[in-house]
$ cat coords-v5.cif   # mmCIF, C-alpha atoms and all ligand atoms
data_model
loop_
_atom_site.label_atom_id
_atom_site.label_comp_id
_atom_site.auth_asym_id
_atom_site.auth_seq_id
_atom_site.Cartn_x
_atom_site.Cartn_y
_atom_site.Cartn_z
CA MET A 808 -125.03 69.99 104.74
CA THR A 809 -125.21 73.63 105.83
CA GLU A 810 -126.73 74.65 109.15
CA ASP A 811 -129.61 76.24 107.25
CA ARG A 812 -130.56 73.01 105.58
CA GLN A 813 -130.75 71.19 108.91
CA ARG A 814 -133.49 73.58 109.99
CA THR A 815 -136.26 71.44 108.54
CA GLU A 816 -139.64 73.07 108.27
CA PHE A 817 -142.99 71.63 109.26
CA PRO A 818 -145.00 69.48 106.95
CA PRO A 819 -148.15 71.50 106.17
CA THR A 820 -151.27 70.11 107.80
CA PRO A 821 -154.06 69.50 105.26
CA ASP A 822 -156.84 71.33 107.19
CA ASP A 823 -154.60 74.37 107.36
CA LEU A 824 -154.51 74.81 103.59
CA PRO A 825 -156.83 76.88 101.38
CA GLU A 826 -159.14 74.90 99.12
CA ASP A 827 -157.84 76.44 95.90
CA LEU A 828 -154.14 76.16 96.61
CA GLU A 829 -153.01 77.34 93.18
CA GLN A 830 -155.07 80.54 93.39
CA ALA A 831 -153.91 81.09 96.98
CA ILE A 832 -150.29 80.83 95.79
CA ARG A 833 -150.96 83.34 92.99
CA ASP A 834 -152.58 85.74 95.50
CA LEU A 835 -149.76 85.34 98.03
CA LYS A 836 -147.20 85.91 95.30
CA GLU A 837 -148.73 89.33 94.59
CA GLU A 838 -149.12 90.15 98.28
CA ARG A 839 -145.46 89.37 98.93
CA ASN A 840 -144.30 91.05 95.71
CA ALA A 841 -142.62 87.76 94.87
CA ILE A 842 -141.44 86.00 91.75
CA ILE A 843 -141.53 82.21 91.41
CA LEU A 844 -138.58 80.63 89.61
CA ALA A 845 -138.84 76.90 88.89
CA HIS A 846 -136.60 74.27 87.37
CA TYR A 847 -137.93 71.86 84.73
CA TYR A 848 -137.58 68.99 87.24
CA GLN A 849 -140.38 70.34 89.43
CA GLU A 850 -143.83 68.77 89.37
CA SER A 851 -146.01 70.10 86.55
CA GLU A 852 -148.32 72.14 88.84
CA ILE A 853 -145.31 74.08 90.16
CA GLN A 854 -143.94 74.62 86.64
CA ASP A 855 -147.31 76.04 85.58
CA LEU A 856 -147.42 78.49 88.48
CA ALA A 857 -143.89 79.77 87.94
CA ASP A 858 -143.07 83.15 86.38
CA VAL A 859 -139.95 81.61 84.90
CA VAL A 860 -139.34 77.91 84.30
CA GLY A 861 -135.98 76.92 82.91
CA ASP A 862 -132.67 75.09 83.12
CA SER A 863 -129.91 76.12 85.54
CA LEU A 864 -128.48 78.76 83.21
CA ALA A 865 -131.86 80.33 82.41
CA LEU A 866 -132.71 80.44 86.11
CA ALA A 867 -129.39 82.08 87.00
CA ARG A 868 -130.03 84.64 84.26
CA ALA A 869 -133.57 85.24 85.52
CA ALA A 870 -132.24 85.68 89.07
CA GLN A 871 -129.86 88.34 87.75
CA ASN A 872 -132.78 90.51 86.65
CA VAL A 873 -135.23 90.21 89.53
CA GLU A 874 -137.00 93.40 90.58
CA ARG A 875 -139.44 91.92 93.11
CA ASP A 876 -138.78 91.76 96.87
CA VAL A 877 -138.97 88.00 97.24
CA ILE A 878 -137.74 85.09 95.13
CA ALA A 879 -139.55 81.81 95.77
CA PHE A 880 -137.13 79.32 94.27
CA CYS A 881 -138.53 75.93 93.31
CA GLY A 882 -135.50 73.82 92.61
CA VAL A 883 -132.64 72.44 94.66
CA HIS A 884 -130.54 74.24 97.24
CA PHE A 885 -127.56 75.19 95.04
CA MET A 886 -129.92 76.87 92.55
CA ALA A 887 -131.61 78.95 95.26
CA GLU A 888 -128.18 79.77 96.70
CA THR A 889 -127.10 81.06 93.28
CA ALA A 890 -130.18 83.32 93.24
CA LYS A 891 -129.26 84.60 96.71
CA ILE A 892 -125.64 85.22 95.69
CA LEU A 893 -126.94 87.37 92.83
CA ASN A 894 -129.56 89.08 95.04
CA PRO A 895 -128.14 89.78 98.51
CA ASP A 896 -130.85 92.33 99.33
CA ARG A 897 -133.80 90.17 98.35
CA LYS A 898 -135.37 87.42 100.40
CA VAL A 899 -134.91 84.02 98.76
CA VAL A 900 -137.27 81.37 100.10
CA VAL A 901 -137.55 77.71 99.15
CA PRO A 902 -140.35 75.20 99.65
CA ASP A 903 -137.97 72.70 101.30
CA LEU A 904 -134.46 73.44 102.58
CA GLU A 905 -133.65 69.73 102.47
CA ALA A 906 -133.82 69.73 98.66
CA GLY A 907 -130.12 69.14 98.08
CA CYS A 908 -128.19 67.50 95.23
CA SER A 909 -125.93 64.45 95.25
CA LEU A 910 -123.40 66.25 93.06
CA ALA A 911 -123.17 69.24 95.40
CA ASP A 912 -123.06 67.00 98.49
CA GLY A 913 -120.31 64.86 96.92
CA CYS A 914 -117.90 67.79 96.77
CA PRO A 915 -117.29 69.07 100.33
CA ALA A 916 -115.64 72.50 100.32
CA ASP A 917 -112.82 71.55 102.74
CA GLU A 918 -111.72 68.60 100.57
CA PHE A 919 -112.13 70.62 97.39
CA GLU A 920 -110.00 73.43 98.84
CA LYS A 921 -107.13 70.97 99.43
CA PHE A 922 -107.49 69.58 95.91
CA VAL A 923 -107.39 73.08 94.41
CA ALA A 924 -104.40 74.05 96.59
CA GLU A 925 -102.44 71.07 95.22
CA HIS A 926 -102.80 72.50 91.68
CA PRO A 927 -102.29 76.25 92.04
CA ASP A 928 -101.60 76.79 88.32
CA HIS A 929 -105.01 75.36 87.27
CA LYS A 930 -108.13 77.32 86.36
CA VAL A 931 -111.03 75.94 88.39
CA ILE A 932 -114.24 75.39 86.41
CA SER A 933 -117.11 74.26 88.62
CA TYR A 934 -120.45 72.99 87.41
CA ILE A 935 -123.21 75.08 88.98
CA ASN A 936 -124.34 71.95 90.90
CA CYS A 937 -122.06 72.73 93.85
CA SER A 938 -122.26 74.64 97.13
CA ALA A 939 -121.64 78.38 97.49
CA GLU A 940 -118.38 77.51 99.30
CA VAL A 941 -117.15 75.47 96.32
CA LYS A 942 -118.21 78.26 93.95
CA ALA A 943 -116.15 80.65 96.07
CA LEU A 944 -113.07 78.46 95.37
CA SER A 945 -113.66 78.53 91.59
CA ASP A 946 -112.54 80.78 88.75
CA VAL A 947 -115.69 80.28 86.73
CA ILE A 948 -118.99 78.38 86.93
CA CYS A 949 -120.59 76.48 84.08
CA THR A 950 -123.87 74.68 83.44
CA SER A 951 -124.64 71.80 81.10
CA SER A 952 -125.62 74.28 78.40
CA ASN A 953 -122.44 76.36 78.36
CA ALA A 954 -119.74 73.97 79.67
CA PRO A 955 -117.98 73.37 76.29
CA ARG A 956 -117.89 77.12 75.60
CA ILE A 957 -116.42 77.87 79.05
CA VAL A 958 -113.80 75.11 78.77
CA LYS A 959 -112.77 76.38 75.31
CA HIS A 960 -112.35 79.86 76.76
CA TYR A 961 -109.57 78.49 78.99
CA LYS A 962 -107.78 76.70 76.15
CA ASP A 963 -104.38 78.03 77.21
CA HIS A 964 -104.67 76.91 80.83
CA PRO A 965 -104.58 73.65 82.75
CA ILE A 966 -108.07 73.02 84.12
CA ILE A 967 -109.71 71.49 87.17
CA PHE A 968 -113.31 70.50 86.36
CA ALA A 969 -115.69 69.71 89.23
CA PRO A 970 -117.80 68.04 90.49
CA ASP A 971 -119.43 65.85 87.78
CA ARG A 972 -117.16 63.28 86.17
CA HIS A 973 -119.64 62.40 83.42
CA LEU A 974 -120.18 65.98 82.29
CA ALA A 975 -116.40 66.48 82.48
CA ARG A 976 -115.74 63.47 80.23
CA PHE A 977 -118.41 64.60 77.75
CA VAL A 978 -117.06 68.17 77.66
CA GLY A 979 -113.50 66.82 77.34
CA GLN A 980 -114.60 64.87 74.25
CA GLN A 981 -116.42 67.89 72.80
CA THR A 982 -113.49 70.25 73.26
CA GLY A 983 -110.53 67.90 72.82
CA ARG A 984 -109.47 68.61 76.43
CA LYS A 985 -108.52 65.16 77.70
CA ASP A 986 -106.07 66.63 80.21
CA MET A 987 -108.52 68.16 82.69
CA LEU A 988 -108.23 67.18 86.35
CA ILE A 989 -111.66 65.88 87.25
CA TRP A 990 -113.43 65.72 90.60
CA GLN A 991 -115.05 62.26 90.68
CA GLY A 992 -118.63 63.22 91.56
CA ALA A 993 -121.83 61.99 89.93
CA CYS A 994 -125.56 62.55 89.93
CA GLU A 995 -127.29 59.66 91.67
CA VAL A 996 -130.33 60.05 89.38
CA HIS A 997 -128.65 60.16 85.96
CA GLU A 998 -126.16 57.42 86.87
CA LEU A 999 -129.06 54.99 87.24
CA PHE A 1000 -130.03 54.99 83.57
CA SER A 1001 -129.02 51.66 82.08
CA ALA A 1002 -127.29 51.22 78.71
CA LYS A 1003 -128.33 47.56 78.67
CA GLY A 1004 -131.98 48.45 79.26
CA LEU A 1005 -131.74 51.20 76.66
CA SER A 1006 -130.43 48.87 73.99
CA LYS A 1007 -133.31 46.43 74.69
CA LEU A 1008 -135.79 49.32 74.46
CA LEU A 1009 -134.29 50.47 71.16
CA MET A 1010 -134.89 47.02 69.69
CA ARG A 1011 -138.60 47.55 70.34
CA HIS A 1012 -138.51 51.17 69.07
CA PRO A 1013 -135.86 51.24 66.33
CA LYS A 1014 -137.01 54.60 64.96
CA ALA A 1015 -136.91 56.36 68.34
CA GLU A 1016 -134.44 59.12 69.01
CA VAL A 1017 -132.60 59.05 72.34
CA LEU A 1018 -132.16 62.40 74.12
CA ALA A 1019 -129.85 62.40 77.15
CA HIS A 1020 -128.45 64.75 79.77
CA PRO A 1021 -124.63 64.82 79.92
CA GLU A 1022 -124.75 63.69 83.57
CA CYS A 1023 -125.54 60.16 82.28
CA GLU A 1024 -122.76 57.62 82.16
CA GLU A 1025 -120.66 57.11 79.02
CA ALA A 1026 -122.38 53.94 77.72
CA VAL A 1027 -125.76 55.71 77.77
CA LEU A 1028 -124.38 58.83 76.07
CA GLU A 1029 -122.77 56.68 73.36
CA MET A 1030 -126.23 55.38 72.43
CA SER A 1031 -127.82 58.84 72.42
CA ASP A 1032 -128.70 60.89 69.34
CA TYR A 1033 -128.74 64.16 71.24
CA ILE A 1034 -126.91 65.19 74.44
CA GLY A 1035 -127.69 68.47 76.14
CA SER A 1036 -129.12 70.44 79.02
CA THR A 1037 -132.78 70.20 80.00
CA THR A 1038 -133.57 73.18 77.74
CA GLY A 1039 -131.60 71.54 74.93
CA ILE A 1040 -133.50 68.27 75.38
CA ILE A 1041 -136.87 70.03 75.30
CA GLN A 1042 -135.88 71.98 72.18
CA ARG A 1043 -134.56 68.87 70.44
CA ALA A 1044 -137.78 67.02 71.27
CA VAL A 1045 -139.66 69.77 69.41
CA ASP A 1046 -137.25 69.96 66.47
CA SER A 1047 -136.60 66.23 66.03
CA PRO A 1048 -138.19 64.54 63.01
CA ALA A 1049 -138.73 61.43 65.19
CA ASN A 1050 -142.20 60.76 66.58
CA THR A 1051 -140.93 58.56 69.40
CA LEU A 1052 -138.44 59.98 71.87
CA ILE A 1053 -136.62 58.13 74.62
CA ILE A 1054 -135.61 60.60 77.32
CA ALA A 1055 -132.68 60.02 79.69
CA THR A 1056 -133.19 62.75 82.25
CA GLU A 1057 -135.57 63.63 85.08
CA GLU A 1058 -139.19 63.16 84.07
CA GLY A 1059 -140.12 66.79 84.91
CA VAL A 1060 -139.07 67.77 81.36
CA PHE A 1061 -141.90 65.62 79.98
CA HIS A 1062 -144.42 68.25 81.04
CA GLN A 1063 -142.98 70.98 78.79
CA ILE A 1064 -142.40 68.56 75.89
CA ARG A 1065 -146.01 67.33 76.09
CA LYS A 1066 -147.27 70.92 75.97
CA LEU A 1067 -145.12 71.73 72.95
CA VAL A 1068 -145.50 68.50 70.94
CA PRO A 1069 -148.50 66.63 72.37
CA ASP A 1070 -148.60 64.05 69.58
CA LYS A 1071 -145.09 62.69 70.11
CA GLU A 1072 -144.61 59.49 72.07
CA LEU A 1073 -142.34 59.99 75.07
CA ILE A 1074 -140.65 57.05 76.73
CA GLN A 1075 -138.57 57.18 79.90
CA ALA A 1076 -135.09 55.70 79.55
CA PRO A 1077 -134.95 52.55 81.68
CA GLY A 1078 -133.11 52.31 84.97
CA GLN A 1079 -130.76 49.56 86.26
CA ASP A 1080 -133.63 48.19 88.29
CA GLU A 1081 -136.75 48.09 86.16
CA SER A 1082 -139.01 48.71 89.16
CA CYS A 1083 -137.33 51.96 90.25
CA ALA A 1084 -138.62 55.46 89.53
CA CYS A 1085 -135.02 56.40 88.82
CA ASN A 1086 -135.97 59.25 86.53
CA GLN A 1087 -137.28 61.30 89.44
CA CYS A 1088 -134.83 63.39 91.44
CA PRO A 1089 -135.70 62.70 95.09
CA TYR A 1090 -134.40 66.14 96.10
CA MET A 1091 -136.35 68.13 93.50
CA ARG A 1092 -139.45 66.15 94.39
CA LEU A 1093 -139.30 67.28 98.02
CA ASN A 1094 -140.84 70.54 96.81
CA THR A 1095 -144.63 70.45 96.66
CA LEU A 1096 -147.42 72.94 96.06
CA GLU A 1097 -148.26 72.82 99.77
CA LYS A 1098 -144.71 73.70 100.75
CA LEU A 1099 -144.59 76.45 98.13
CA TYR A 1100 -147.73 77.95 99.65
CA ARG A 1101 -146.16 77.71 103.12
CA CYS A 1102 -142.89 79.33 102.15
CA LEU A 1103 -144.69 82.27 100.51
CA HIS A 1104 -147.03 82.55 103.47
CA ASP A 1105 -144.34 82.44 106.18
CA LEU A 1106 -141.41 83.77 104.09
CA ASP A 1107 -139.54 80.80 105.48
CA PRO A 1108 -137.43 78.71 105.04
CA GLU A 1109 -135.06 81.35 103.78
CA VAL A 1110 -131.75 80.73 102.00
CA SER A 1111 -128.75 82.60 103.34
CA VAL A 1112 -125.10 82.73 102.32
CA PRO A 1113 -122.41 84.26 104.56
CA GLU A 1114 -121.37 87.60 103.04
CA GLY A 1115 -117.68 86.69 102.58
CA THR A 1116 -118.59 83.49 100.74
CA ARG A 1117 -121.26 85.29 98.73
CA LYS A 1118 -118.84 87.95 97.48
CA GLN A 1119 -116.27 85.32 96.49
CA ALA A 1120 -118.88 83.08 94.82
CA LEU A 1121 -120.36 86.00 92.88
CA ILE A 1122 -117.12 86.49 90.90
CA PRO A 1123 -117.16 83.09 89.07
CA ILE A 1124 -120.95 83.25 88.56
CA GLU A 1125 -120.67 86.68 86.93
CA LYS A 1126 -117.76 85.39 84.86
CA MET A 1127 -119.98 82.57 83.58
CA LEU A 1128 -122.82 84.97 82.75
CA GLU A 1129 -120.38 87.23 80.91
CA LEU A 1130 -119.01 84.29 78.87
CA SER A 1131 -122.40 82.72 78.07
P1 LIG B 1 -129.82 71.68 83.62
O1 LIG B 1 -128.88 72.81 83.85
O2 LIG B 1 -129.62 71.01 82.31
O3 LIG B 1 -131.23 72.11 83.82
O4 LIG B 1 -129.51 70.53 84.69
C1 LIG B 1 -129.68 70.69 86.04
C2 LIG B 1 -129.54 69.43 86.76
O5 LIG B 1 -129.56 69.39 87.97
C3 LIG B 1 -129.40 68.22 86.00
O6 LIG B 1 -129.52 67.13 86.84
FE1 LIG B 2 -128.63 66.99 91.55
FE2 LIG B 2 -129.01 64.88 90.00
FE3 LIG B 2 -131.09 65.96 91.24
FE4 LIG B 2 -129.90 67.25 89.19
S1 LIG B 2 -131.02 65.31 89.10
S2 LIG B 2 -130.51 68.13 91.14
S3 LIG B 2 -127.74 66.69 89.52
S4 LIG B 2 -129.31 64.95 92.22
#
$ encode --input "coords-v5.cif" --output "structure tokens" --more "lines below"
Ligand code: 13P
Ligand code: SF4
Amino acid sequence: MTEDRQRTEFPPTPDDLPEDLEQAIRDLKEERNAIILAHYYQESEIQDLADVVGDSLALARAAQNVERDVIAFCGVHFMAETAKILNPDRKVVVPDLEAGCSLADGCPADEFEKFVAEHPDHKVISYINCSAEVKALSDVICTSSNAPRIVKHYKDHPIIFAPDRHLARFVGQQTGRKDMLIWQGACEVHELFSAKGLSKLLMRHPKAEVLAHPECEEAVLEMSDYIGSTTGIIQRAVDSPANTLIIATEEGVFHQIRKLVPDKELIQAPGQDESCACNQCPYMRLNTLEKLYRCLHDLDPEVSVPEGTRKQALIPIEKMLELS
């Protein structure tokens, strides 16, 4: 965890908050000349307040074109860091600096540096769910929506793919690249979806279509009709002829799907433990409306990236944007 993320902010005190929090956030946004970027895994109230709501690629693209002074980033730390890398002269604030990611945390830069050094002839493709330091060690970044395209681009090179082993396996199958060296990380949320539970659920809903994020484990993906990024899942939910959809990703995507196709039945893919809320990312859910208000009010907590790391990390991010 970076020093920044240890600097935990205050929990807002209820009597300190304006009565109409949503309107207060809109007003503060104008006052601060800010833009709110939010990932689909944020609570619905935050998604509805955002200027841009999207998947990791869409948010990186949006961050590339910001003209306002402040970016209030509602997502996890690596996403806000990416916005900062693309916008060194703008203030990037987040509702909660502790909103990390198990994939990013499972790939420490010092260990990754050694791994990369052992394979100097390899192109390093890193999933955007990694720290700025790991990005700085990479040749190109990818997201779940462009990973196959990026891997195909390096068809003549040996490849290191980090840090998600499930996305790596899926992309390897899609592209015929079974030879990639894979960092063995995983998302603690998507790994909890259960293939056994899913097959039981499908017996009760035989006509349902299963839509899954590629961070899920292989047995779940094998039972899925559609595999893609959060944007891809939302789009497929709209386009699918099925009226019942079983969704194997964070439940934040349900909000957009319900707005677009309110008559479809949406069912959460089951977890290993039937009592768990395993389709909620505990890191994403640290962000709340109250904390968003606070961060716009105080312009804190702010995300920072050391300039040397930022410059190095910018190269593979720009490479990804160029190839996407
Ligand atoms: P997307 O890029 O598909 O939005 O995924 C981000 C993520 O963190 C998935 O867990
Ligand atoms: Fe990271 Fe998983 Fe949360 Fe996505 S859902 S931000 S990969 S921990």
$ residues_around --input "coords-v5.cif" --residues "A:Glu838" --least-positions-apart "4" --cutoff "10 Å" --atoms "only C-alpha atoms" --output "ChimeraX atom specification"
/A:832-834,1103-1104
$ write_last_selection --input "coords-v5.cif" --atoms "C-alpha atoms" --output "mmCIF file, keeping the file's coordinate frame"
data_model
loop_
_atom_site.group_PDB
_atom_site.id
_atom_site.type_symbol
_atom_site.label_atom_id
_atom_site.label_comp_id
_atom_site.auth_asym_id
_atom_site.auth_seq_id
_atom_site.Cartn_x
_atom_site.Cartn_y
_atom_site.Cartn_z
ATOM 1 C CA ILE A 832 -150.290 80.830 95.790
ATOM 2 C CA ARG A 833 -150.960 83.340 92.990
ATOM 3 C CA ASP A 834 -152.580 85.740 95.500
ATOM 4 C CA LEU A 1103 -144.690 82.270 100.510
ATOM 5 C CA HIS A 1104 -147.030 82.550 103.470
#
$ atom_distance --input "coords-v5.cif" --atom1 "atom CA of A:Phe977" --atom2 "atom CA of A:Arg1011"
27.4 Å
$ residues_near_ligand --input "coords-v5.cif" --ligand "ligand LIG 2 (chain B)" --cutoff "10 Å" --atoms "only C-alpha atoms and all ligand atoms" --output "JSON, numbers by chain"
{"A": [846, 848, 863, 882, 883, 884, 885, 886, 906, 907, 908, 909, 910, 911, 912, 934, 935, 936, 937, 971, 992, 993, 994, 995, 996, 997, 998, 1020, 1022, 1023, 1056, 1057, 1058, 1085, 1086, 1087, 1088, 1089, 1090, 1091, 1092]}
$ atom_distance --input "coords-v5.cif" --atom1 "atom CA of A:Glu920" --atom2 "atom CA of A:Gln991"
14.7 Å
$ residues_near_point --input "coords-v5.cif" --point "(-114.3, 74.5, 79.5)" --cutoff "12 Å" --atoms "all atoms listed in the file" --output "compact mmCIF listing (two decimals) with C-alpha atoms, keeping the file's coordinate frame"
# COMPACT_ATOMS: atom_id res chain seq x y z
CA LYS A 930 -108.13 77.32 86.36
CA VAL A 931 -111.03 75.94 88.39
CA ILE A 932 -114.24 75.39 86.41
CA SER A 933 -117.11 74.26 88.62
CA TYR A 934 -120.45 72.99 87.41
CA ASP A 946 -112.54 80.78 88.75
CA VAL A 947 -115.69 80.28 86.73
CA ILE A 948 -118.99 78.38 86.93
CA CYS A 949 -120.59 76.48 84.08
CA THR A 950 -123.87 74.68 83.44
CA SER A 951 -124.64 71.80 81.10
CA SER A 952 -125.62 74.28 78.40
CA ASN A 953 -122.44 76.36 78.36
CA ALA A 954 -119.74 73.97 79.67
CA PRO A 955 -117.98 73.37 76.29
CA ARG A 956 -117.89 77.12 75.60
CA ILE A 957 -116.42 77.87 79.05
CA VAL A 958 -113.80 75.11 78.77
CA LYS A 959 -112.77 76.38 75.31
CA HIS A 960 -112.35 79.86 76.76
CA TYR A 961 -109.57 78.49 78.99
CA LYS A 962 -107.78 76.70 76.15
CA ASP A 963 -104.38 78.03 77.21
CA HIS A 964 -104.67 76.91 80.83
CA PRO A 965 -104.58 73.65 82.75
CA ILE A 966 -108.07 73.02 84.12
CA ILE A 967 -109.71 71.49 87.17
CA PHE A 968 -113.31 70.50 86.36
CA ALA A 969 -115.69 69.71 89.23
CA LEU A 974 -120.18 65.98 82.29
CA ALA A 975 -116.40 66.48 82.48
CA ARG A 976 -115.74 63.47 80.23
CA PHE A 977 -118.41 64.60 77.75
CA VAL A 978 -117.06 68.17 77.66
CA GLY A 979 -113.50 66.82 77.34
CA GLN A 980 -114.60 64.87 74.25
CA GLN A 981 -116.42 67.89 72.80
CA THR A 982 -113.49 70.25 73.26
CA GLY A 983 -110.53 67.90 72.82
CA ARG A 984 -109.47 68.61 76.43
CA LYS A 985 -108.52 65.16 77.70
CA ASP A 986 -106.07 66.63 80.21
CA MET A 987 -108.52 68.16 82.69
CA LEU A 988 -108.23 67.18 86.35
CA ILE A 989 -111.66 65.88 87.25
CA MET A 1127 -119.98 82.57 83.58
CA LEU A 1130 -119.01 84.29 78.87
CA SER A 1131 -122.40 82.72 78.07
$ closest_residue --input "coords-v5.cif" --among "A:Ala924, A:Leu1067, A:Cys914, A:Val873" --to "A:Glu940" --atoms "all atoms listed in the file"
A:Cys914
$ residues_around --input "coords-v5.cif" --residues "A:Ala1120" --least-positions-apart "3" --cutoff "7 Å" --atoms "all atoms listed in the file" --output "compact mmCIF listing (two decimals) with C-alpha atoms, keeping the file's coordinate frame"
# COMPACT_ATOMS: atom_id res chain seq x y z
CA ALA A 939 -121.64 78.38 97.49
CA LYS A 942 -118.21 78.26 93.95
CA ALA A 943 -116.15 80.65 96.07
CA THR A 1116 -118.59 83.49 100.74
CA ARG A 1117 -121.26 85.29 98.73
CA PRO A 1123 -117.16 83.09 89.07
CA ILE A 1124 -120.95 83.25 88.56
$ residues_near_point --input "coords-v5.cif" --point "(-116.1, 70.9, 105.9)" --cutoff "12 Å" --atoms "only C-alpha atoms" --output "list in words"
Met808, Thr809, Glu810, Asp912, Gly913, Cys914, Pro915, Ala916, Asp917, Glu918, Phe919, Glu920, Lys921, Ser938, Glu940 and Val941 of chain A
$ closest_residue --input "coords-v5.cif" --among "A:Glu852, A:Asp1107, A:Glu874, A:Asp1046" --to "A:Leu893" --atoms "all atoms listed in the file"
A:Glu874
$ closest_residue --input "coords-v5.cif" --among "A:Gln849, A:Ser1001, A:Gln1075, A:Asn1094" --to "ligand LIG 1 (chain B)" --atoms "all atoms listed in the file"
A:Gln849
$ atom_distance --input "coords-v5.cif" --atom1 "atom CA of A:Val1112" --atom2 "atom CA of A:Pro970"
20.2 Å
$ residues_around --input "coords-v5.cif" --residues "stretch 1017-1019 of chain A" --least-positions-apart "3" --cutoff "8 Å" --atoms "all atoms listed in the file" --output "mmCIF file with C-alpha atoms, in the frame of the given file"
data_model
loop_
_atom_site.group_PDB
_atom_site.id
_atom_site.type_symbol
_atom_site.label_atom_id
_atom_site.label_comp_id
_atom_site.auth_asym_id
_atom_site.auth_seq_id
_atom_site.Cartn_x
_atom_site.Cartn_y
_atom_site.Cartn_z
ATOM 1 C CA CYS A 1023 -125.540 60.160 82.280
ATOM 2 C CA VAL A 1027 -125.760 55.710 77.770
ATOM 3 C CA LEU A 1028 -124.380 58.830 76.070
ATOM 4 C CA MET A 1030 -126.230 55.380 72.430
ATOM 5 C CA SER A 1031 -127.820 58.840 72.420
ATOM 6 C CA ASP A 1032 -128.700 60.890 69.340
ATOM 7 C CA TYR A 1033 -128.740 64.160 71.240
ATOM 8 C CA ILE A 1034 -126.910 65.190 74.440
ATOM 9 C CA GLY A 1035 -127.690 68.470 76.140
ATOM 10 C CA ILE A 1040 -133.500 68.270 75.380
ATOM 11 C CA ARG A 1043 -134.560 68.870 70.440
ATOM 12 C CA ALA A 1044 -137.780 67.020 71.270
ATOM 13 C CA LEU A 1052 -138.440 59.980 71.870
ATOM 14 C CA ILE A 1053 -136.620 58.130 74.620
ATOM 15 C CA ILE A 1054 -135.610 60.600 77.320
ATOM 16 C CA ALA A 1055 -132.680 60.020 79.690
ATOM 17 C CA THR A 1056 -133.190 62.750 82.250
#
$ axis_aligned_box --input "coords-v5.cif" --around "stretch 940-950 of chain A" --padding-each-side "8 Å" --output "lines of an AutoDock Vina configuration file"
center_x = -118.2
center_y = 77.7
center_z = 91.4
size_x = 27.3
size_y = 22.1
size_z = 31.9
$ decode --input "coords-v5.cif" --residues "stretch 867-871 of chain A" --atoms "all heavy atoms" --output "PDB file, in the first residue's frame"
ATOM      1  N   ALA A 867     -10.430   5.677 -18.586  1.00  0.00           N
ATOM      2  CA  ALA A 867      -9.079   6.138 -18.965  1.00  0.00           C
ATOM      3  C   ALA A 867      -9.188   7.101 -20.151  1.00  0.00           C
ATOM      4  O   ALA A 867      -8.515   8.139 -20.195  1.00  0.00           O
ATOM      5  CB  ALA A 867      -8.186   4.943 -19.318  1.00  0.00           C
ATOM      6  N   ARG A 868     -10.076   6.757 -21.094  1.00  0.00           N
ATOM      7  CA  ARG A 868     -10.269   7.647 -22.251  1.00  0.00           C
ATOM      8  C   ARG A 868     -10.836   8.990 -21.805  1.00  0.00           C
ATOM      9  O   ARG A 868     -10.414  10.044 -22.269  1.00  0.00           O
ATOM     10  CB  ARG A 868     -11.247   7.016 -23.243  1.00  0.00           C
ATOM     11  CG  ARG A 868     -10.609   5.943 -24.086  1.00  0.00           C
ATOM     12  CD  ARG A 868     -11.383   5.833 -25.402  1.00  0.00           C
ATOM     13  NE  ARG A 868     -10.841   4.813 -26.248  1.00  0.00           N
ATOM     14  CZ  ARG A 868     -11.429   3.641 -26.481  1.00  0.00           C
ATOM     15  NH1 ARG A 868     -12.573   3.351 -25.916  1.00  0.00           N
ATOM     16  NH2 ARG A 868     -10.869   2.771 -27.289  1.00  0.00           N
ATOM     17  N   ALA A 869     -11.811   8.947 -20.903  1.00  0.00           N
ATOM     18  CA  ALA A 869     -12.416  10.190 -20.411  1.00  0.00           C
ATOM     19  C   ALA A 869     -11.363  11.030 -19.699  1.00  0.00           C
ATOM     20  O   ALA A 869     -11.323  12.258 -19.849  1.00  0.00           O
ATOM     21  CB  ALA A 869     -13.575   9.874 -19.472  1.00  0.00           C
ATOM     22  N   ALA A 870     -10.490  10.375 -18.940  1.00  0.00           N
ATOM     23  CA  ALA A 870      -9.455  11.105 -18.192  1.00  0.00           C
ATOM     24  C   ALA A 870      -8.474  11.784 -19.151  1.00  0.00           C
ATOM     25  O   ALA A 870      -7.879  12.808 -18.824  1.00  0.00           O
ATOM     26  CB  ALA A 870      -8.711  10.144 -17.268  1.00  0.00           C
ATOM     27  N   GLN A 871      -8.345  11.200 -20.341  1.00  0.00           N
ATOM     28  CA  GLN A 871      -7.413  11.756 -21.339  1.00  0.00           C
ATOM     29  C   GLN A 871      -7.901  13.123 -21.852  1.00  0.00           C
ATOM     30  O   GLN A 871      -7.114  13.933 -22.298  1.00  0.00           O
ATOM     31  CB  GLN A 871      -7.359  10.772 -22.511  1.00  0.00           C
ATOM     32  CG  GLN A 871      -6.075  10.761 -23.267  1.00  0.00           C
ATOM     33  CD  GLN A 871      -6.166   9.835 -24.480  1.00  0.00           C
ATOM     34  OE1 GLN A 871      -7.225   9.343 -24.858  1.00  0.00           O
ATOM     35  NE2 GLN A 871      -5.023   9.605 -25.095  1.00  0.00           N
TER      36      GLN A 871
END
